[in-house]
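Have a look at the structure below before the remarks.
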There are 2 protein chains.
Amino acid sequence: MEQRLSVKEQLARVREDAIVSAVNRLLARKGFEAMTVDDVAAEAGMAKGSLYKRFESKEALAAAAMTRVLEQALSRMEQQAARQGVAAVDQLRDVARWSMQALLAGEMPILPAQNSTLRSSLLADKTYLNRLNDVSEKLGEWIIEAQGRGDLDQRTPPEVVLWALLATACDPVVAVMKTTGQYNDEDIVEMRISTLFGGLSGAASR
Amino acid sequence: MEQRLSVKEQLARVREDAIVSAVNRLLARKGFEAMTVDDVAAEAGMAKGSLYKRFESKEALAAAAMTRVLEQALSRMEQQAARQGVAAVDQLRDVARWSMQALLAGEMPILPAQNSTLRSSLLADKTYLNRLNDVSEKLGEWIIEAQGRGDLDQRTPPEVVLWALLATACDPVVAVMKTTGQYNDEDIVEMRISTLFGGLSGAASR
DNA sequence: GTCTATATGTCGATAGAC
DNA sequence: GTCTATCGACATATAGAC
């Protein structure tokens with residue numbers, strides 16, 4: 001009985017993962033507003049009714065996708081934290097790289113500017129908020145450390161650095177560079193990271 | 001007869017300006033998808049039918065708003081260009097400041113990530129494309145000049161600098177900083193400009 | 001697969017200018 | 001009195017919810 005339940009649970013997890021992955025891709029491709037529940041059903045390969053069995057609304061679908069991305073980021077950050085002798089600023093750089101790579105791979109659900117229904121739904125989702133808080137706290141530690149060492153500008157408030165890093169996940173320039181076809185993914189990421197940390201200014205302004 | 005036509009035309013222009021201003025505010029507030037044509041009618045103080053008399057679709061309304069912002073930017077840039085003895089990099093900084101101020105004032109129509117209907121509509125709008133081209137060309141000149149003087153990093157391709165500057169118009173960090181209420185508009189703009197040009201890195205990494 | 005709500009786009013009625 | 005422009009109710013399609 002216990003074994004059977006476990007299998008059922010595993011199947012449920014696989015199914016749920018298929019849904020969340022589908023939502024993730026669709027959010028990355030078209031954004032929340034343009035994504036329809038029919039799209040999700042088609043992409044996940046199941047009937048619309050099955051979606052509403054597990055998720056109570058379109059907003060809940062999106063929230064699950066965004067929560068999963070935060071969990072993946074956390075997992076990545078914990079791996080990074082375990083490594084020895086890596087400067088905090090390099091750990092921050094790594095997170096920014098990771099999120100831009102996800103963005104380029106079409107796996108980063110982009111949250112629209114200020115959609116009312118999705119936004120209020122996210123603000124009511126404790127799991128999402130907890131994960132966001134976990135990510136922010138870990139990044140915050142690294143930011144303080146990097147500022148202490150002089151690797152990050154000390155005049156910029158830590159929260160502002162944090163938001164700038166989080167914003168890499170929806171950097172519009174990455175998408176433009178991608179669509180021109182002039183640059184490969186690696187170059188795009190490196191150029192944006194370089195601009196983010198080093199700025200646009202040249203030698204004469206330093 | 002000529003006088004009468006002129007008055008009529010003036011009235012039409014005033015009306016059209018009211019419409020475009022309303023669209024502008026609504027795009028800034030809720031974005032294209034969430035904005036309804038009924039919203040526009042209410043905000044502009046006229047009936048929906050009157051909107052469709054002058055604009056053939058919701059997309060055309062949005063395109064008109066975006067075109068007008070580009071025209072305002074151009075006008076600002078031409079004023080800047082007329083000033084003597086201003087370094088190109090400072091003119092670029094001024095444009096970035098201007099667009100962020102517009103963003104903070106709720107007057108910057110934000111184009112959604114990649115909405116299919118609006119995007120294809122914009123790409124078919126010659127007026128919009130021409131204005132965008134005008135802005136890009138002028139900025140491109142300044143970028144080349146600033147790079148030549150060493151005021152901008154020469155390893156970053158000019159187009160990438162251009163896109164980074166255009167992206168200030170939809171900088172999500174500005175909105176977050178605004179909503180916290182911790183900073184006034186001027187501080188927000190200066191911090192973001194400073195990060196954009198100077199980067200996040202501190203003295204130890206220079 | 002069905003239902004309901006809502007959003008875009010249309011059209012006939014109407015009011016006001018000359 | 002005619003003509004033009006505005007209004008707002010209506011048709012139609014589509015998307016969320018179950």
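Convention: chains lettered A, B, ... in structure tokens order; per-chain residue numbering from 1; ligands numbered from 1 as shown.
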
Stretch 38-123 of chain A: residues DSSP assigns to helix (DSSP H, G or I), reported as a VMD selection string: chain A and resid 38 to 44 48 to 54 58 to 82 88 to 104 116 to 123

Nearby residues (only C-alpha atoms (C1' of nucleotides)) at most 10 Å from stretch 40-48 of chain A, same-chain spacing under 2 positions excluded, as a ChimeraX atom specification: /A:15-27,35-38,50-53,58,61 /D:17-18

Write out as a JSON list (two decimals) with all heavy atoms, in the first residue's frame which residues come within 12 Å of B:Glu141 when counting only C-alpha atoms (C1' of nucleotides), dropping same-chain ones fewer than 2 positions away.
```json
[["chain", "number", "residue", "atom", "x", "y", "z"],
["B", 77, "MET", "N", 16.81, 65.39, -27.96],
["B", 77, "MET", "CA", 18.16, 65.15, -28.43],
["B", 77, "MET", "C", 18.64, 66.27, -29.35],
["B", 77, "MET", "O", 19.82, 66.62, -29.35],
["B", 77, "MET", "CB", 18.23, 63.80, -29.15],
["B", 77, "MET", "CG", 18.15, 62.63, -28.20],
["B", 77, "MET", "SD", 17.76, 61.08, -29.03],
["B", 77, "MET", "CE", 19.26, 60.82, -29.95],
["B", 81, "ALA", "N", 21.87, 68.46, -28.94],
["B", 81, "ALA", "CA", 22.88, 68.53, -29.99],
["B", 81, "ALA", "C", 23.26, 69.98, -30.30],
["B", 81, "ALA", "O", 24.39, 70.27, -30.69],
["B", 81, "ALA", "CB", 22.38, 67.84, -31.25],
["B", 88, "ALA", "N", 29.98, 63.95, -25.92],
["B", 88, "ALA", "CA", 28.98, 63.00, -26.41],
["B", 88, "ALA", "C", 28.47, 62.09, -25.30],
["B", 88, "ALA", "O", 27.28, 61.79, -25.21],
["B", 88, "ALA", "CB", 29.56, 62.17, -27.55],
["B", 89, "VAL", "N", 29.39, 61.67, -24.44],
["B", 89, "VAL", "CA", 28.99, 60.76, -23.37],
["B", 89, "VAL", "C", 27.98, 61.43, -22.44],
["B", 89, "VAL", "O", 27.07, 60.78, -21.90],
["B", 89, "VAL", "CB", 30.21, 60.24, -22.58],
["B", 89, "VAL", "CG1", 30.86, 61.36, -21.78],
["B", 89, "VAL", "CG2", 29.83, 59.08, -21.68],
["B", 91, "GLN", "N", 25.84, 63.73, -23.41],
["B", 91, "GLN", "CA", 24.57, 63.78, -24.14],
["B", 91, "GLN", "C", 23.86, 62.44, -24.03],
["B", 91, "GLN", "O", 22.63, 62.39, -23.86],
["B", 91, "GLN", "CB", 24.85, 64.15, -25.60],
["B", 91, "GLN", "CG", 25.31, 65.60, -25.72],
["B", 91, "GLN", "CD", 25.71, 65.99, -27.13],
["B", 91, "GLN", "OE1", 26.43, 65.28, -27.80],
["B", 91, "GLN", "NE2", 25.24, 67.13, -27.58],
["B", 92, "LEU", "N", 24.61, 61.35, -24.09],
["B", 92, "LEU", "CA", 24.02, 60.02, -23.91],
["B", 92, "LEU", "C", 23.43, 59.88, -22.51],
["B", 92, "LEU", "O", 22.34, 59.36, -22.32],
["B", 92, "LEU", "CB", 25.08, 58.94, -24.16],
["B", 92, "LEU", "CG", 25.56, 58.82, -25.61],
["B", 92, "LEU", "CD1", 26.74, 57.86, -25.70],
["B", 92, "LEU", "CD2", 24.43, 58.37, -26.52],
["B", 134, "ASP", "N", 15.67, 57.19, -36.59],
["B", 134, "ASP", "CA", 16.25, 58.52, -36.33],
["B", 134, "ASP", "C", 16.93, 58.55, -34.97],
["B", 134, "ASP", "O", 18.06, 59.02, -34.84],
["B", 134, "ASP", "CB", 15.14, 59.59, -36.36],
["B", 134, "ASP", "CG", 14.54, 59.75, -37.76],
["B", 134, "ASP", "OD1", 15.20, 59.31, -38.73],
["B", 134, "ASP", "OD2", 13.44, 60.31, -37.87],
["B", 135, "VAL", "N", 16.21, 58.05, -33.97],
["B", 135, "VAL", "CA", 16.77, 58.04, -32.61],
["B", 135, "VAL", "C", 18.05, 57.19, -32.58],
["B", 135, "VAL", "O", 19.09, 57.62, -32.04],
["B", 135, "VAL", "CB", 15.74, 57.49, -31.60],
["B", 135, "VAL", "CG1", 16.40, 57.22, -30.26],
["B", 135, "VAL", "CG2", 14.58, 58.45, -31.44],
["B", 136, "SER", "N", 17.97, 56.02, -33.17],
["B", 136, "SER", "CA", 19.12, 55.12, -33.14],
["B", 136, "SER", "C", 20.33, 55.74, -33.84],
["B", 136, "SER", "O", 21.47, 55.61, -33.37],
["B", 136, "SER", "CB", 18.77, 53.80, -33.82],
["B", 136, "SER", "OG", 17.71, 53.17, -33.15],
["B", 137, "GLU", "N", 20.09, 56.40, -34.96],
["B", 137, "GLU", "CA", 21.21, 57.01, -35.70],
["B", 137, "GLU", "C", 21.90, 58.08, -34.90],
["B", 137, "GLU", "O", 23.12, 58.13, -34.82],
["B", 137, "GLU", "CB", 20.71, 57.59, -37.03],
["B", 137, "GLU", "CG", 20.77, 56.58, -38.15],
["B", 137, "GLU", "CD", 20.60, 57.25, -39.51],
["B", 137, "GLU", "OE1", 20.59, 58.51, -39.55],
["B", 137, "GLU", "OE2", 20.48, 56.52, -40.50],
["B", 138, "LYS", "N", 21.10, 58.94, -34.30],
["B", 138, "LYS", "CA", 21.68, 60.03, -33.52],
["B", 138, "LYS", "C", 22.47, 59.48, -32.32],
["B", 138, "LYS", "O", 23.60, 59.91, -32.05],
["B", 138, "LYS", "CB", 20.55, 60.97, -33.03],
["B", 138, "LYS", "CG", 21.08, 62.29, -32.49],
["B", 138, "LYS", "CD", 21.62, 63.16, -33.60],
["B", 138, "LYS", "CE", 22.42, 64.34, -33.08],
["B", 138, "LYS", "NZ", 23.23, 64.96, -34.17],
["B", 139, "LEU", "N", 21.85, 58.52, -31.63],
["B", 139, "LEU", "CA", 22.56, 57.91, -30.50],
["B", 139, "LEU", "C", 23.82, 57.22, -30.98],
["B", 139, "LEU", "O", 24.87, 57.30, -30.33],
["B", 139, "LEU", "CB", 21.64, 56.89, -29.80],
["B", 139, "LEU", "CG", 20.48, 57.45, -28.98],
["B", 139, "LEU", "CD1", 19.63, 56.32, -28.43],
["B", 139, "LEU", "CD2", 20.98, 58.33, -27.84],
["B", 143, "ILE", "N", 27.60, 57.64, -29.64],
["B", 143, "ILE", "CA", 28.31, 56.48, -29.08],
["B", 143, "ILE", "C", 29.69, 56.34, -29.72],
["B", 143, "ILE", "O", 30.70, 56.18, -29.03],
["B", 143, "ILE", "CB", 27.48, 55.18, -29.29],
["B", 143, "ILE", "CG1", 26.24, 55.20, -28.39],
["B", 143, "ILE", "CG2", 28.33, 53.95, -28.99],
["B", 143, "ILE", "CD1", 25.20, 54.16, -28.73],
["B", 144, "ILE", "N", 29.72, 56.43, -31.05],
["B", 144, "ILE", "CA", 31.01, 56.33, -31.76],
["B", 144, "ILE", "C", 31.98, 57.42, -31.26],
["B", 144, "ILE", "O", 33.15, 57.15, -30.97],
["B", 144, "ILE", "CB", 30.80, 56.48, -33.28],
["B", 144, "ILE", "CG1", 29.86, 55.39, -33.81],
["B", 144, "ILE", "CG2", 32.14, 56.47, -34.02],
["B", 144, "ILE", "CD1", 30.47, 54.04, -33.94],
["B", 145, "GLU", "N", 31.42, 58.63, -31.15],
["B", 145, "GLU", "CA", 32.27, 59.73, -30.70],
["B", 145, "GLU", "C", 32.80, 59.50, -29.28],
["B", 145, "GLU", "O", 33.98, 59.69, -29.01],
["B", 145, "GLU", "CB", 31.46, 61.04, -30.76],
["B", 145, "GLU", "CG", 32.33, 62.27, -30.59],
["B", 145, "GLU", "CD", 31.51, 63.56, -30.60],
["B", 145, "GLU", "OE1", 30.45, 63.58, -31.27],
["B", 145, "GLU", "OE2", 31.92, 64.52, -29.92],
["B", 146, "ALA", "N", 31.91, 59.08, -28.40],
["B", 146, "ALA", "CA", 32.31, 58.85, -27.01],
["B", 146, "ALA", "C", 33.32, 57.71, -26.90],
["B", 146, "ALA", "O", 34.25, 57.76, -26.08],
["B", 146, "ALA", "CB", 31.09, 58.56, -26.14],
["B", 147, "GLN", "N", 33.15, 56.70, -27.73],
["B", 147, "GLN", "CA", 34.12, 55.60, -27.71],
["B", 147, "GLN", "C", 35.47, 56.08, -28.23],
["B", 147, "GLN", "O", 36.52, 55.71, -27.71],
["B", 147, "GLN", "CB", 33.61, 54.42, -28.54],
["B", 147, "GLN", "CG", 32.51, 53.64, -27.83],
["B", 147, "GLN", "CD", 32.14, 52.36, -28.56],
["B", 147, "GLN", "OE1", 32.15, 52.32, -29.79],
["B", 147, "GLN", "NE2", 31.79, 51.32, -27.81],
["B", 148, "GLY", "N", 35.44, 56.94, -29.26],
["B", 148, "GLY", "CA", 36.68, 57.48, -29.81],
["B", 148, "GLY", "C", 37.46, 58.27, -28.78],
["B", 148, "GLY", "O", 38.69, 58.22, -28.75],
["B", 158, "PRO", "N", 29.10, 49.12, -30.59],
["B", 158, "PRO", "CA", 28.20, 50.26, -30.50],
["B", 158, "PRO", "C", 26.72, 49.87, -30.42],
["B", 158, "PRO", "O", 25.95, 50.49, -29.66],
["B", 158, "PRO", "CB", 28.48, 51.03, -31.78],
["B", 158, "PRO", "CG", 29.88, 50.69, -32.13],
["B", 158, "PRO", "CD", 30.10, 49.28, -31.67],
["B", 159, "GLU", "N", 26.33, 48.85, -31.16],
["B", 159, "GLU", "CA", 24.91, 48.46, -31.10],
["B", 159, "GLU", "C", 24.53, 47.99, -29.71],
["B", 159, "GLU", "O", 23.41, 48.22, -29.25],
["B", 159, "GLU", "CB", 24.57, 47.30, -32.05],
["B", 159, "GLU", "CG", 25.25, 47.31, -33.37],
["B", 159, "GLU", "CD", 26.54, 46.51, -33.29],
["B", 159, "GLU", "OE1", 26.50, 45.28, -33.18],
["B", 159, "GLU", "OE2", 27.61, 47.18, -33.31],
["B", 161, "VAL", "N", 25.83, 48.97, -26.91],
["B", 161, "VAL", "CA", 25.69, 50.18, -26.08],
["B", 161, "VAL", "C", 24.32, 50.81, -26.36],
["B", 161, "VAL", "O", 23.59, 51.18, -25.44],
["B", 161, "VAL", "CB", 26.80, 51.20, -26.39],
["B", 161, "VAL", "CG1", 26.59, 52.47, -25.59],
["B", 161, "VAL", "CG2", 28.17, 50.61, -26.09],
["B", 162, "LEU", "N", 23.98, 50.88, -27.64],
["B", 162, "LEU", "CA", 22.69, 51.45, -28.04],
["B", 162, "LEU", "C", 21.53, 50.73, -27.37],
["B", 162, "LEU", "O", 20.65, 51.36, -26.78],
["B", 162, "LEU", "CB", 22.55, 51.38, -29.57],
["B", 162, "LEU", "CG", 21.20, 51.78, -30.16],
["B", 162, "LEU", "CD1", 20.92, 53.25, -29.90],
["B", 162, "LEU", "CD2", 21.14, 51.48, -31.65]]
```

Applying 12 Å and only C-alpha atoms (C1' of nucleotides), which residues near D:DT2 remain after dropping the ones on its own chain fewer than 4 positions away? List them as a PDB file with C-alpha atoms (C1' of nucleotides), in the first residue's frame.
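Resulting contents of result-v3.pdb:
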```
ATOM      1  C1'  DG C  16     -24.968  70.225 -33.094  1.00  0.00           C
ATOM      2  C1'  DA C  17     -22.539  73.348 -36.473  1.00  0.00           C
ATOM      3  C1'  DC C  18     -22.999  76.328 -40.359  1.00  0.00           C
TER       4       DC C  18
END
```

Test item: chain A residues at most 8 Å from chain B, counting only C-alpha atoms, as a PyMOL selection string: chain A and resi 29-31+33-34+112-116+147+149-154+156+160-161+163-164+167+172-173+176-177+191+195-205

Residues of chain C at most 10 Å from chain B: nearest atom pair and distance in Å, only C-alpha atoms (C1' of nucleotides), as JSON lines:
```
{"residue": "C:DA7", "atom": "C1'", "partner": "B:Thr36", "partner_atom": "CA", "distance": 7.0}
{"residue": "C:DT8", "atom": "C1'", "partner": "B:Val37", "partner_atom": "CA", "distance": 7.7}
{"residue": "C:DG9", "atom": "C1'", "partner": "B:Ser57", "partner_atom": "CA", "distance": 8.1}
{"residue": "C:DT10", "atom": "C1'", "partner": "B:Gly49", "partner_atom": "CA", "distance": 8.4}
{"residue": "C:DC11", "atom": "C1'", "partner": "B:Gly49", "partner_atom": "CA", "distance": 9.6}
```

Each residue of chain D lying at most 12 Å from chain B should get a row with its shortest atom-to-atom pair and the distance in Å to one decimal, counting only C-alpha atoms (C1' of nucleotides); could you produce that, ordered by chain and increasing number, as JSON lines?
```
{"residue": "D:DT4", "atom": "C1'", "partner": "B:Lys8", "partner_atom": "CA", "distance": 11.5}
{"residue": "D:DA5", "atom": "C1'", "partner": "B:Ser50", "partner_atom": "CA", "distance": 8.4}
{"residue": "D:DT6", "atom": "C1'", "partner": "B:Ser50", "partner_atom": "CA", "distance": 6.3}
{"residue": "D:DC7", "atom": "C1'", "partner": "B:Ala47", "partner_atom": "CA", "distance": 5.9}
{"residue": "D:DG8", "atom": "C1'", "partner": "B:Ala47", "partner_atom": "CA", "distance": 7.1}
{"residue": "D:DA9", "atom": "C1'", "partner": "B:Gly49", "partner_atom": "CA", "distance": 11.1}
```

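The two atoms in question, atom CA of A:Pro109 and atom CA of A:Glu78, are spaced 21.5 Å apart.
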